[in-house]
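J.: The structure under discussion is supplied below as structure tokens; questions concerning it will follow.
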Amino acid sequence: MAIFIQQLINGLTLGSIYGLIAIGYTMVFGIIGMVNFAHGDVFMVSAFVALLLFMIFTTLLNWALVPALLVVLVLAMAITGLWNWTIERTAYRPLRGSFRLAPLISAIGMSILLSNLIQVIQGPRNKPVPPMFTQVIPIYEENGYVAGIGYKQIVIMVVTAVLLALFWYLVQKTPLGRAQRACEQDQKMAALLGIDVDRTISLTFVMGAALAAVAGVMYIMYYGVVNFADGFVPGVKAFTAAVLGGIGSLPGAVIGGLLIGLIETMWSAYFSIDYKDVAAFSLLAITLVFLPTGLLGRPEVEKV
Amino acid sequence: MSTEMSAPSSPFPLVKSLKQAGFVGMVMFGLCVPIVAFRAEQNMNNQLVLQSRWWLTLVFCVLAMIGSFLFSLYTHQKSNKAHSSAPSTVTKALSALAPRLTPLGFACVIAYPLVMLAINGPGGSIKWIDNFGIQILIYVMLGWGLNIVVGLAGLLDLGYVAFYAVGAYAYALIATKVIPDTFPELGFWSFWICLPISGLLAALWGIILGFPVLRLRGDYLAIVTLAFGEIIRLVLINWVDFSNGYAGLTSIPRPSFFGIPFNASEEGFAAVFDLEFSPIYRTIFLYYVILALSLLTAFVTIRLRRLPIGRAWEALREDEIACRSLGINTTITKLTAFAIGAGFGGFAGCFFAARQGFISPESFVFLESAQILAIVVLGGMGSLFGVVVASIALVGGIEILRELDFLKQVFGEAFDPSQYRMLIFGFAMVLMMLWKPRGLIAHREPSIVYKEKKSIGSDMVQEGHG
């Protein structure tokens with residue numbers, strides 16, 4: 001039981017990170033119907049940005065940990081947003097309206113470009129940061145095994161929840177969110193009604209990247225290490241989460257992320273840690289085959 | 001990047017371009033902070049320390065500004081020329097040359113190893129025949145195989161490398177484990193016996209993996225095939241008893257020339273034909289084997305396009321619903337495309353195992369699938385000649401990047417050009433898509449002709465949502 005509770009907490013933490021990345025996929029897919037293949041690598045770039053900013057503030061400027069992390073979070077969101085804005089502007093926008101495979105190939109190229117760019121400019125080795133928030137609150141004890149929740153796990157879950165509430169408000173209640181949902185339904189009609197479609201799509205990419213940056217900061221905080229190749233697998237898992245929750249649906253992406261996180265940690269704990277990625281990928285295939293619209297997705301109606 | 005139509009000889013908008021260059025420079029600066037401006041390196045105590053590199057950031061920003069300015073200059077020049085929607089000269093030239101180049105191309109391809117041998121001698125030509133010739137031909141074959149799935153049937157497959165892996169592991173396991181350990185009475189199974197078995201096994205896997213995903217369309221299909229490709233690779237890594245995990249399989253038997261092995265022994269190829277022993281003969285032989293296999297793929301593809309099944313594929317690519325209402329069995333049609341494409345991937349994998357003599361899961365990563373798909377799309381979906389051009393450009397380009405040792409003299413000994421290979425590859429993939437989203441050969445030979453042949457611009461061809 002104690003192990004189960006511990007895995008539940010670990011799974012929810014991991015799931016929060018996946019959920020944050022998944023929102024980027026689901027928003028972009030919702031608005032332009034494209035799988036942004038480079039999103040996992042954008043997440044990896046954001047983790048590097050966070051790492052370097054964290055180093056700058058703590059070692060060069062000697063800030064305390066908590067204010068440094070807050071500033072790092074905001075700055076990383078802004079810089080990653082700029083990265084994704086640039087990527088959209090240069091690699092995807094010129095191909096909009098072109099044939100369907102072109103943006104996908106461009107995104108795959110962008111994914112290769114980003115991971116290798118980081119490899120070249122930051123080196124191929126793992127980058128460790130000193131551990132932070134190492135305290136653990138014990139919550140359940142059984143036969144000498146203590147299940148506990150770490151401070152950083154609390155931080156991750158709270159930050160995720162707060163930011164999700166914020167973005168939920170942004171999408172549901174503000175003019176920008178209305179414009180996004182309008183573009184999702186019908187870009188031409190939205191343009192006729194005076195919505196700047198290009199700007200809305202750009203902002204969608206920026207928002208997705210900002211949430212990926214939150215995930216990147218959390219990743220650095222949680223694992224304490226990042227590598228240039230760390231974008232691909234979390235990216236595919238987050239995409240799985242987006243599909244599982246129903247692509248195009250924000251709450252679906254979060255629920256999907258939490259589910260994937262839970263399944264992964266439970267699988268590692270009770271079955272085989274070697275096959276945890278196989279479990280996630282199989283789940284993706286099974287979901288798409290048996291439940292193509294996901295948990296909260298709208299069924300796609302095909303018009304002839 | 002103005003989109004408005006300018007008058008035939010409008011003056012160059014210098015101020016606007018400079019402003020834009022300044023803006024691009026600022027964006028570049030924003031991107032570079034902190035990821036280029038600082039580098040985190042571990043010191044002796046395993047702690048990260050920062051090194052600042054502002055000069056590099058400056059170089060990046062200046063390069064971006066110059067690039068932006070040149071781009072405005074280029075678009076201005078282009079908009080001053082007559083606006084025509086006709087395909088560009090490169091496309092036209094390639095499309096027009098394609099039929100005429102075929103016999104010439106054949107001659108070149110067949111003569112290539114012998115010419116190389118004559119120029120560089122037995123020692124120097126191995127690199128050129130193996131790294132360039134065989135490597136490019138493997139990708140041509142994989143590209144032609146995937147072309148059946150993506151280009152003809154319109155099914156986007158991001159996990160094609162799985163079938164390549166199945167073929168390679170099938171040959172390696174049959175030849176080194178299954179037959180010697182389980183059925184020793186069957187003797188030694190050579191490359192030529194295992195080749196069709198590998199192809200059939202890969203085709204079987206194509207059906208197994210294809211069957212559940214047939215209902216999916218477009219990007220979803222792409223992601224599921226990607227997932228399958230990764231699952232197969234992860235199983236190969238983790239199921240050590242079966243595939244020996246990361247360590248891979250070694251001492252895979254090499255193909256022989258009608259029973260004559262390529263070694264230095266008395267019965268070896270060199271001794272039988274009274275030649276001085278050299279590994280080059282094996283390389284040349286392998287070159288012709290993969291050439292024959294690729295030509296087989298091309299031949300089958302060309303013939304299949306004229307059969308009802310090939311026409312069904314192309315119809316399926318254009319419009320699945322119309323196909324279904326005309327009574328085409330879409331399940332069978334898709335499965336055959338998957339199986340045949342996978343089968344050729346299996347042949348290529350079997351050849352790959354025989355050429356390397358060693359395989360490990362590292363050879364079958366997602367990047368390979370992406371590269372093969374990039375070759376097919378860049379070649380212009382469905383064009384056999386385009387695949388050849390794209391493989392030479394992408395694979396040959398990557399191999400040439402290995403040869404840039406002279407750059408060390410420019411940038412110093414610490415400069416390693418090969419680490420930039422994949423960076424340049426990704427960059428080239430994006431640029432080529434921006435430059436030619438429809439691929440290099442953007443025209444298709446019509447499969448059925450009424451009275452006279454007209455070529456179809458692929459802009460006219462709606463690609464399917466399969």
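In the structure tokens, chains take the letters A, B, ... in the order shown, each chain's residues start at 1, and ligands count up from 1 in the order shown.
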When you look at A:Asp186 with a cut-off of 12 Å (counting only C-alpha atoms), what residues show up, excluding the ones that are within fewer than 2 positions of it in the same chain? I need them as a PyMOL selection string.
T.: chain A and resi 30-33+179-184+188-193+195+197
J.: For the residues in the current selection, export N, CA and C atoms as a compact mmCIF listing (two decimals), in the first residue's frame.
T.:
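File written: selection_3.txt
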# COMPACT_ATOMS: atom_id res chain seq x y z
N GLY A 30 -5.43 21.40 -32.60
CA GLY A 30 -6.79 21.92 -32.67
C GLY A 30 -6.90 23.06 -33.67
N ILE A 31 -5.91 23.94 -33.70
CA ILE A 31 -6.09 25.15 -34.50
C ILE A 31 -5.65 24.98 -35.95
N ILE A 32 -4.55 24.26 -36.21
CA ILE A 32 -4.18 24.10 -37.63
C ILE A 32 -4.12 22.64 -38.06
N GLY A 33 -4.55 21.73 -37.21
CA GLY A 33 -4.62 20.34 -37.63
C GLY A 33 -3.29 19.73 -37.98
N ALA A 179 -10.91 34.15 -30.01
CA ALA A 179 -10.37 34.14 -31.38
C ALA A 179 -9.79 32.77 -31.70
N GLN A 180 -9.11 32.19 -30.72
CA GLN A 180 -8.52 30.86 -30.96
C GLN A 180 -9.59 29.84 -31.25
N ARG A 181 -10.64 29.87 -30.44
CA ARG A 181 -11.68 28.86 -30.65
C ARG A 181 -12.40 29.10 -31.97
N ALA A 182 -12.52 30.37 -32.35
CA ALA A 182 -13.15 30.67 -33.64
C ALA A 182 -12.29 30.13 -34.78
N CYS A 183 -10.96 30.36 -34.70
CA CYS A 183 -10.07 29.86 -35.76
C CYS A 183 -10.11 28.35 -35.83
N GLU A 184 -10.26 27.72 -34.67
CA GLU A 184 -10.33 26.27 -34.62
C GLU A 184 -11.51 25.77 -35.44
N LYS A 188 -11.52 30.65 -42.22
CA LYS A 188 -11.96 31.64 -43.22
C LYS A 188 -13.02 32.56 -42.64
N MET A 189 -13.97 31.93 -41.97
CA MET A 189 -15.05 32.71 -41.37
C MET A 189 -14.49 33.64 -40.30
N ALA A 190 -13.55 33.13 -39.49
CA ALA A 190 -12.95 33.96 -38.45
C ALA A 190 -12.26 35.16 -39.07
N ALA A 191 -11.56 34.93 -40.19
CA ALA A 191 -10.86 36.04 -40.85
C ALA A 191 -11.87 37.06 -41.36
N LEU A 192 -12.99 36.57 -41.90
CA LEU A 192 -14.02 37.49 -42.41
C LEU A 192 -14.59 38.34 -41.28
N LEU A 193 -14.61 37.81 -40.09
CA LEU A 193 -15.16 38.55 -38.97
C LEU A 193 -14.11 39.43 -38.29
N ILE A 195 -10.85 38.65 -37.40
CA ILE A 195 -9.83 38.08 -36.52
C ILE A 195 -8.55 37.91 -37.32
N VAL A 197 -5.97 35.88 -38.21
CA VAL A 197 -5.77 34.43 -38.03
C VAL A 197 -4.30 34.11 -37.80
J.: With a distance cut-off of 12 Å and only C-alpha atoms, select the neighbouring residues of A:Gly144, excluding the residue or stretch itself and same-chain residues fewer than 6 positions from it, and output the selection as an NGL selection string.
T.: :A and (1-3 or 138)
J.: Those same residues, written as a PDB file, in the first residue's frame with C-alpha atoms?
T.:
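Ended up saving to out.pdb:
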ATOM      1  CA  MET A   1       0.000   0.000   0.000  1.00  0.00           C
ATOM      2  CA  ALA A   2       2.794   2.373   0.879  1.00  0.00           C
ATOM      3  CA  ILE A   3       4.482   1.568  -2.413  1.00  0.00           C
ATOM      4  CA  PRO A 138       6.115  11.398   5.233  1.00  0.00           C
TER       5      PRO A 138
END
J.: I want to know what sits within 12 Å of A:Asp230, based on only C-alpha atoms, with residues of the same chain fewer than 6 positions away left out; could you give that as a ChimeraX atom specification?
T.: /A:39-48,111,114-116,118-119,124-127,216,219-220,223,236-237
J.: Using N, CA and C atoms, can you export the residues from the last selection as a PDB file, in the first residue's frame?
T.:
ATOM      1  N   HIS A  39       7.643  19.743 -31.039  1.00  0.00           N
ATOM      2  CA  HIS A  39       7.259  20.260 -29.727  1.00  0.00           C
ATOM      3  C   HIS A  39       8.065  19.625 -28.592  1.00  0.00           C
ATOM      4  N   GLY A  40       8.339  18.326 -28.702  1.00  0.00           N
ATOM      5  CA  GLY A  40       9.160  17.666 -27.693  1.00  0.00           C
ATOM      6  C   GLY A  40      10.534  18.309 -27.594  1.00  0.00           C
ATOM      7  N   ASP A  41      11.083  18.706 -28.741  1.00  0.00           N
ATOM      8  CA  ASP A  41      12.398  19.334 -28.725  1.00  0.00           C
ATOM      9  C   ASP A  41      12.324  20.768 -28.235  1.00  0.00           C
ATOM     10  N   VAL A  42      11.190  21.428 -28.464  1.00  0.00           N
ATOM     11  CA  VAL A  42      10.999  22.754 -27.879  1.00  0.00           C
ATOM     12  C   VAL A  42      11.041  22.643 -26.360  1.00  0.00           C
ATOM     13  N   PHE A  43      10.401  21.577 -25.848  1.00  0.00           N
ATOM     14  CA  PHE A  43      10.440  21.311 -24.411  1.00  0.00           C
ATOM     15  C   PHE A  43      11.885  21.125 -23.935  1.00  0.00           C
ATOM     16  N   MET A  44      12.669  20.379 -24.721  1.00  0.00           N
ATOM     17  CA  MET A  44      14.062  20.130 -24.347  1.00  0.00           C
ATOM     18  C   MET A  44      14.853  21.449 -24.353  1.00  0.00           C
ATOM     19  N   VAL A  45      14.611  22.281 -25.388  1.00  0.00           N
ATOM     20  CA  VAL A  45      15.284  23.583 -25.446  1.00  0.00           C
ATOM     21  C   VAL A  45      14.923  24.391 -24.205  1.00  0.00           C
ATOM     22  N   SER A  46      13.624  24.344 -23.821  1.00  0.00           N
ATOM     23  CA  SER A  46      13.197  25.129 -22.672  1.00  0.00           C
ATOM     24  C   SER A  46      13.889  24.634 -21.408  1.00  0.00           C
ATOM     25  N   ALA A  47      14.110  23.314 -21.304  1.00  0.00           N
ATOM     26  CA  ALA A  47      14.814  22.797 -20.129  1.00  0.00           C
ATOM     27  C   ALA A  47      16.242  23.330 -20.103  1.00  0.00           C
ATOM     28  N   PHE A  48      16.880  23.417 -21.276  1.00  0.00           N
ATOM     29  CA  PHE A  48      18.234  23.972 -21.330  1.00  0.00           C
ATOM     30  C   PHE A  48      18.243  25.452 -20.980  1.00  0.00           C
ATOM     31  N   SER A 111      12.756  19.286 -35.665  1.00  0.00           N
ATOM     32  CA  SER A 111      13.071  18.493 -34.477  1.00  0.00           C
ATOM     33  C   SER A 111      14.533  18.038 -34.499  1.00  0.00           C
ATOM     34  N   LEU A 114      16.782  21.144 -33.945  1.00  0.00           N
ATOM     35  CA  LEU A 114      16.850  21.650 -32.573  1.00  0.00           C
ATOM     36  C   LEU A 114      17.731  20.765 -31.697  1.00  0.00           C
ATOM     37  N   SER A 115      17.513  19.436 -31.771  1.00  0.00           N
ATOM     38  CA  SER A 115      18.290  18.604 -30.853  1.00  0.00           C
ATOM     39  C   SER A 115      19.771  18.655 -31.202  1.00  0.00           C
ATOM     40  N   ASN A 116      20.085  18.719 -32.505  1.00  0.00           N
ATOM     41  CA  ASN A 116      21.500  18.759 -32.868  1.00  0.00           C
ATOM     42  C   ASN A 116      22.115  20.120 -32.627  1.00  0.00           C
ATOM     43  N   ILE A 118      21.375  21.997 -30.076  1.00  0.00           N
ATOM     44  CA  ILE A 118      21.724  21.991 -28.648  1.00  0.00           C
ATOM     45  C   ILE A 118      22.954  21.123 -28.421  1.00  0.00           C
ATOM     46  N   GLN A 119      23.025  20.017 -29.152  1.00  0.00           N
ATOM     47  CA  GLN A 119      24.197  19.161 -28.991  1.00  0.00           C
ATOM     48  C   GLN A 119      25.473  19.910 -29.361  1.00  0.00           C
ATOM     49  N   PRO A 124      27.450  17.296 -25.893  1.00  0.00           N
ATOM     50  CA  PRO A 124      26.605  16.105 -25.844  1.00  0.00           C
ATOM     51  C   PRO A 124      26.434  15.505 -24.458  1.00  0.00           C
ATOM     52  N   ARG A 125      27.129  16.026 -23.425  1.00  0.00           N
ATOM     53  CA  ARG A 125      27.076  15.342 -22.125  1.00  0.00           C
ATOM     54  C   ARG A 125      25.854  15.761 -21.323  1.00  0.00           C
ATOM     55  N   ASN A 126      25.484  14.918 -20.357  1.00  0.00           N
ATOM     56  CA  ASN A 126      24.409  15.255 -19.435  1.00  0.00           C
ATOM     57  C   ASN A 126      24.781  16.493 -18.637  1.00  0.00           C
ATOM     58  N   LYS A 127      23.787  17.335 -18.367  1.00  0.00           N
ATOM     59  CA  LYS A 127      24.037  18.527 -17.561  1.00  0.00           C
ATOM     60  C   LYS A 127      23.330  18.394 -16.216  1.00  0.00           C
ATOM     61  N   GLY A 216       9.571  22.273 -18.703  1.00  0.00           N
ATOM     62  CA  GLY A 216      11.031  22.193 -18.744  1.00  0.00           C
ATOM     63  C   GLY A 216      11.643  22.570 -17.404  1.00  0.00           C
ATOM     64  N   TYR A 219      11.009  19.845 -14.993  1.00  0.00           N
ATOM     65  CA  TYR A 219      11.831  18.677 -15.332  1.00  0.00           C
ATOM     66  C   TYR A 219      13.226  18.838 -14.736  1.00  0.00           C
ATOM     67  N   ILE A 220      13.804  20.028 -14.941  1.00  0.00           N
ATOM     68  CA  ILE A 220      15.135  20.314 -14.390  1.00  0.00           C
ATOM     69  C   ILE A 220      15.103  20.179 -12.866  1.00  0.00           C
ATOM     70  N   TYR A 223      14.278  16.124 -12.003  1.00  0.00           N
ATOM     71  CA  TYR A 223      15.306  15.137 -12.327  1.00  0.00           C
ATOM     72  C   TYR A 223      16.709  15.665 -12.097  1.00  0.00           C
ATOM     73  N   VAL A 236       6.868  12.224 -27.481  1.00  0.00           N
ATOM     74  CA  VAL A 236       5.932  11.204 -27.966  1.00  0.00           C
ATOM     75  C   VAL A 236       4.945  10.838 -26.865  1.00  0.00           C
ATOM     76  N   LYS A 237       5.437  10.777 -25.610  1.00  0.00           N
ATOM     77  CA  LYS A 237       4.521  10.428 -24.525  1.00  0.00           C
ATOM     78  C   LYS A 237       3.474  11.522 -24.322  1.00  0.00           C
TER      79      LYS A 237
END
J.: Can you build me a table of chain A residues sitting at most 8 Å from chain B, with the closest atom pair per residue and its distance in Å to one decimal, using only C-alpha atoms, sorted by chain and residue number, as a Markdown table?
T.:
| residue | atom | partner | partner_atom | distance |
| --- | --- | --- | --- | --- |
| A:Met34 | CA | B:Asp219 | CA | 7.7 |
| A:Val35 | CA | B:Asp219 | CA | 6.9 |
| A:Phe48 | CA | B:Ile35 | CA | 7.1 |
| A:Val49 | CA | B:Ile35 | CA | 5.8 |
| A:Leu52 | CA | B:Pro34 | CA | 6.4 |
| A:Leu53 | CA | B:Pro34 | CA | 6.7 |
| A:Met55 | CA | B:Leu50 | CA | 7.3 |
| A:Ile56 | CA | B:Leu50 | CA | 7.6 |
| A:Ile79 | CA | B:Leu31 | CA | 6.6 |
| A:Leu82 | CA | B:Leu31 | CA | 6.8 |
| A:Trp83 | CA | B:Leu31 | CA | 6.1 |
| A:Ala91 | CA | B:Val430 | CA | 6.6 |
| A:Pro94 | CA | B:Leu434 | CA | 6.8 |
| A:Leu95 | CA | B:Leu434 | CA | 6.7 |
| A:Ser98 | CA | B:Pro437 | CA | 7.1 |
| A:Phe99 | CA | B:Arg438 | CA | 7.3 |
| A:Arg100 | CA | B:Glu463 | CA | 7.9 |
| A:Leu101 | CA | B:Val377 | CA | 7.8 |
| A:Ala102 | CA | B:Pro437 | CA | 5.5 |
| A:Pro103 | CA | B:Met433 | CA | 7.9 |
| A:Ile105 | CA | B:Ala374 | CA | 6.7 |
| A:Ser106 | CA | B:Val430 | CA | 4.7 |
| A:Ala107 | CA | B:Val430 | CA | 7.5 |
| A:Ile108 | CA | B:Ala370 | CA | 7.1 |
| A:Gly109 | CA | B:Gly426 | CA | 4.4 |
| A:Met110 | CA | B:Gly426 | CA | 6.1 |
| A:Ser111 | CA | B:Gly426 | CA | 7.5 |
| A:Ile112 | CA | B:Gly426 | CA | 5.0 |
| A:Leu113 | CA | B:Gly426 | CA | 4.4 |
| A:Leu114 | CA | B:Leu423 | CA | 7.8 |
| A:Asn116 | CA | B:Leu423 | CA | 5.0 |
| A:Leu117 | CA | B:Leu423 | CA | 6.0 |
| A:Val120 | CA | B:Gln419 | CA | 7.1 |
| A:Ile121 | CA | B:Val36 | CA | 6.5 |
| A:Gln122 | CA | B:Arg39 | CA | 5.6 |
| A:Lys127 | CA | B:Leu48 | CA | 7.3 |
| A:Pro128 | CA | B:Leu48 | CA | 7.0 |
| A:Val129 | CA | B:Leu48 | CA | 6.9 |
| A:Pro130 | CA | B:Gln47 | CA | 7.8 |
| A:Asp274 | CA | B:Asn238 | CA | 6.5 |
| A:Tyr275 | CA | B:Asn238 | CA | 7.4 |
| A:Asp277 | CA | B:Leu234 | CA | 7.8 |
| A:Val278 | CA | B:Ile231 | CA | 5.4 |
| A:Phe281 | CA | B:Ala227 | CA | 5.3 |
| A:Ser282 | CA | B:Ala227 | CA | 7.2 |
| A:Leu284 | CA | B:Val224 | CA | 7.0 |
| A:Ala285 | CA | B:Val224 | CA | 5.4 |
| A:Leu288 | CA | B:Tyr220 | CA | 7.4 |
| A:Val289 | CA | B:Val213 | CA | 6.1 |
| A:Pro292 | CA | B:Leu216 | CA | 7.9 |
| A:Val304 | CA | B:Ile321 | CA | 7.9 |
J.: Identify, on the basis of only C-alpha atoms, every residue whose closest approach to stretch 382-399 of chain B does not exceed 7 Å; exclude the query and any residue fewer than 6 positions from it along the same chain; express the result as a PyMOL selection string.
T.: chain B and resi 98+132+136+139-140+143-144+147+151-152+375-376+421+440-441+444
J.: Could you write out that same residue set with C-alpha atoms as a PDB file, in the first residue's frame?
T.:
ATOM      1  CA  ALA B  98      14.015  12.402 -66.360  1.00  0.00           C
ATOM      2  CA  PHE B 132      28.725   6.498 -51.395  1.00  0.00           C
ATOM      3  CA  ILE B 136      23.026   5.671 -51.488  1.00  0.00           C
ATOM      4  CA  TYR B 139      18.456   4.421 -49.351  1.00  0.00           C
ATOM      5  CA  VAL B 140      17.236   4.451 -52.949  1.00  0.00           C
ATOM      6  CA  GLY B 143      12.894   5.098 -50.637  1.00  0.00           C
ATOM      7  CA  TRP B 144      11.355   3.110 -53.481  1.00  0.00           C
ATOM      8  CA  ASN B 147       7.240   5.091 -52.000  1.00  0.00           C
ATOM      9  CA  GLY B 151       3.725   7.831 -52.638  1.00  0.00           C
ATOM     10  CA  LEU B 152       1.306   5.418 -54.268  1.00  0.00           C
ATOM     11  CA  ILE B 375      13.793  11.182 -49.339  1.00  0.00           C
ATOM     12  CA  VAL B 376      10.371  10.115 -50.614  1.00  0.00           C
ATOM     13  CA  ARG B 421      26.220  16.541 -39.997  1.00  0.00           C
ATOM     14  CA  LEU B 440      11.958  17.998 -56.646  1.00  0.00           C
ATOM     15  CA  ILE B 441      10.081  16.127 -59.366  1.00  0.00           C
ATOM     16  CA  ARG B 444       3.529  12.481 -62.488  1.00  0.00           C
TER      17      ARG B 444
END
J.: Excluding stretch 262-267 of chain A and residues on its chain fewer than 2 positions from it, collect all residues at most 10 Å away from it, counting only C-alpha atoms, and give them as a ChimeraX atom specification.
T.: /A:3-4,6-15,237,256-260,269-280,283
J.: Can you list, as a ChimeraX atom specification, every protein, DNA or RNA residue that comes within 7 Å of stretch 346-362 of chain B when you count only C-alpha atoms, leaving out same-chain residues fewer than 2 positions away?
T.: /B:138,141-142,163-168,171-172,195,198-199,202,233,236-237,246-255,342-344,364-365
J.: When DSSP works through the backbone of this structure, what residues of stretch 222-261 of chain A end up as alpha helix (DSSP H), shown as a list in words?
T.: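 In stretch 222-261 of chain A, DSSP puts these residues in alpha helix (DSSP H): Tyr222, Tyr223, Phe232, Val233, Pro234, Gly235, Val236, Lys237, Ala238, Phe239, Thr240, Ala241, Ala242, Val243, Leu244, Gly245, Leu250, Pro251, Gly252, Ala253, Val254, Ile255, Gly256, Gly257, Leu258, Leu259, Ile260 and Gly261 of chain A.
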J.: Write a file of the selected residues as a compact mmCIF listing (two decimals), in the first residue's frame, keeping C-alpha atoms.
T.:
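Once everything was written out, this is result_32.txt:
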# COMPACT_ATOMS: atom_id res chain seq x y z
CA TYR A 222 12.61 17.14 -10.56
CA TYR A 223 15.31 15.14 -12.33
CA PHE A 232 11.92 12.87 -28.24
CA VAL A 233 10.54 10.38 -25.73
CA PRO A 234 8.72 12.89 -23.49
CA GLY A 235 7.43 14.46 -26.69
CA VAL A 236 5.93 11.20 -27.97
CA LYS A 237 4.52 10.43 -24.52
CA ALA A 238 2.95 13.86 -24.29
CA PHE A 239 1.48 13.35 -27.72
CA THR A 240 0.09 10.04 -26.49
CA ALA A 241 -1.42 11.95 -23.58
CA ALA A 242 -3.00 14.47 -25.96
CA VAL A 243 -4.46 11.67 -28.10
CA LEU A 244 -5.66 9.70 -25.08
CA GLY A 245 -7.45 12.74 -23.68
CA LEU A 250 -7.38 21.14 -23.03
CA PRO A 251 -8.75 19.27 -19.99
CA GLY A 252 -8.38 16.09 -22.02
CA ALA A 253 -4.66 16.75 -22.46
CA VAL A 254 -4.19 17.17 -18.72
CA ILE A 255 -6.19 14.06 -17.86
CA GLY A 256 -4.32 12.13 -20.54
CA GLY A 257 -1.00 13.37 -19.16
CA LEU A 258 -1.86 12.30 -15.63
CA LEU A 259 -3.02 8.89 -16.88
CA ILE A 260 0.17 8.35 -18.88
CA GLY A 261 2.27 9.38 -15.88
J.: Expressed in Å to a single decimal, how great is the separation between atom CA of B:Ser278 and atom CA of B:Phe262?
T.: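 Taking atom CA of B:Ser278 as the start and atom CA of B:Phe262 as the end point, the length is 8.9 Å.
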J.: Excluding stretch 286-291 of chain B and residues on its chain fewer than 2 positions from it, collect all residues at most 8 Å away from it, counting only C-alpha atoms, and give them as a PyMOL selection string.
T.: chain B and resi 110+113+129-130+133-134+137-138+282-284+293-295+348+351+355
J.: With distances taken over only C-alpha atoms, which residue among A:Thr26, A:Ser16, A:Thr160, A:Thr287 lies nearest A:Leu73?
T.: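 Looking at the shortest contact to A:Leu73, the residue is A:Thr160.
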J.: Would you compute the distance between atom CA of B:Asn120 and atom CA of B:Cys108? Give it in Å to one decimal.
T.: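 Atom CA of B:Cys108 lies at a distance of 16.8 Å from atom CA of B:Asn120.
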J.: Go ahead and compute the interatomic distance for atom CA of B:Pro180 and atom CA of B:Ile197, in Å to one decimal.
T.: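 Those two atoms sit 16.4 Å apart.
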J.: Among stretch 20-87 of chain B, which residues does DSSP mark as strand (DSSP E) when it is run on the backbone? Keep the chain and numbering as in the structure and answer as a VMD selection string.
T.: chain B and resid 38 to 42 48 to 52
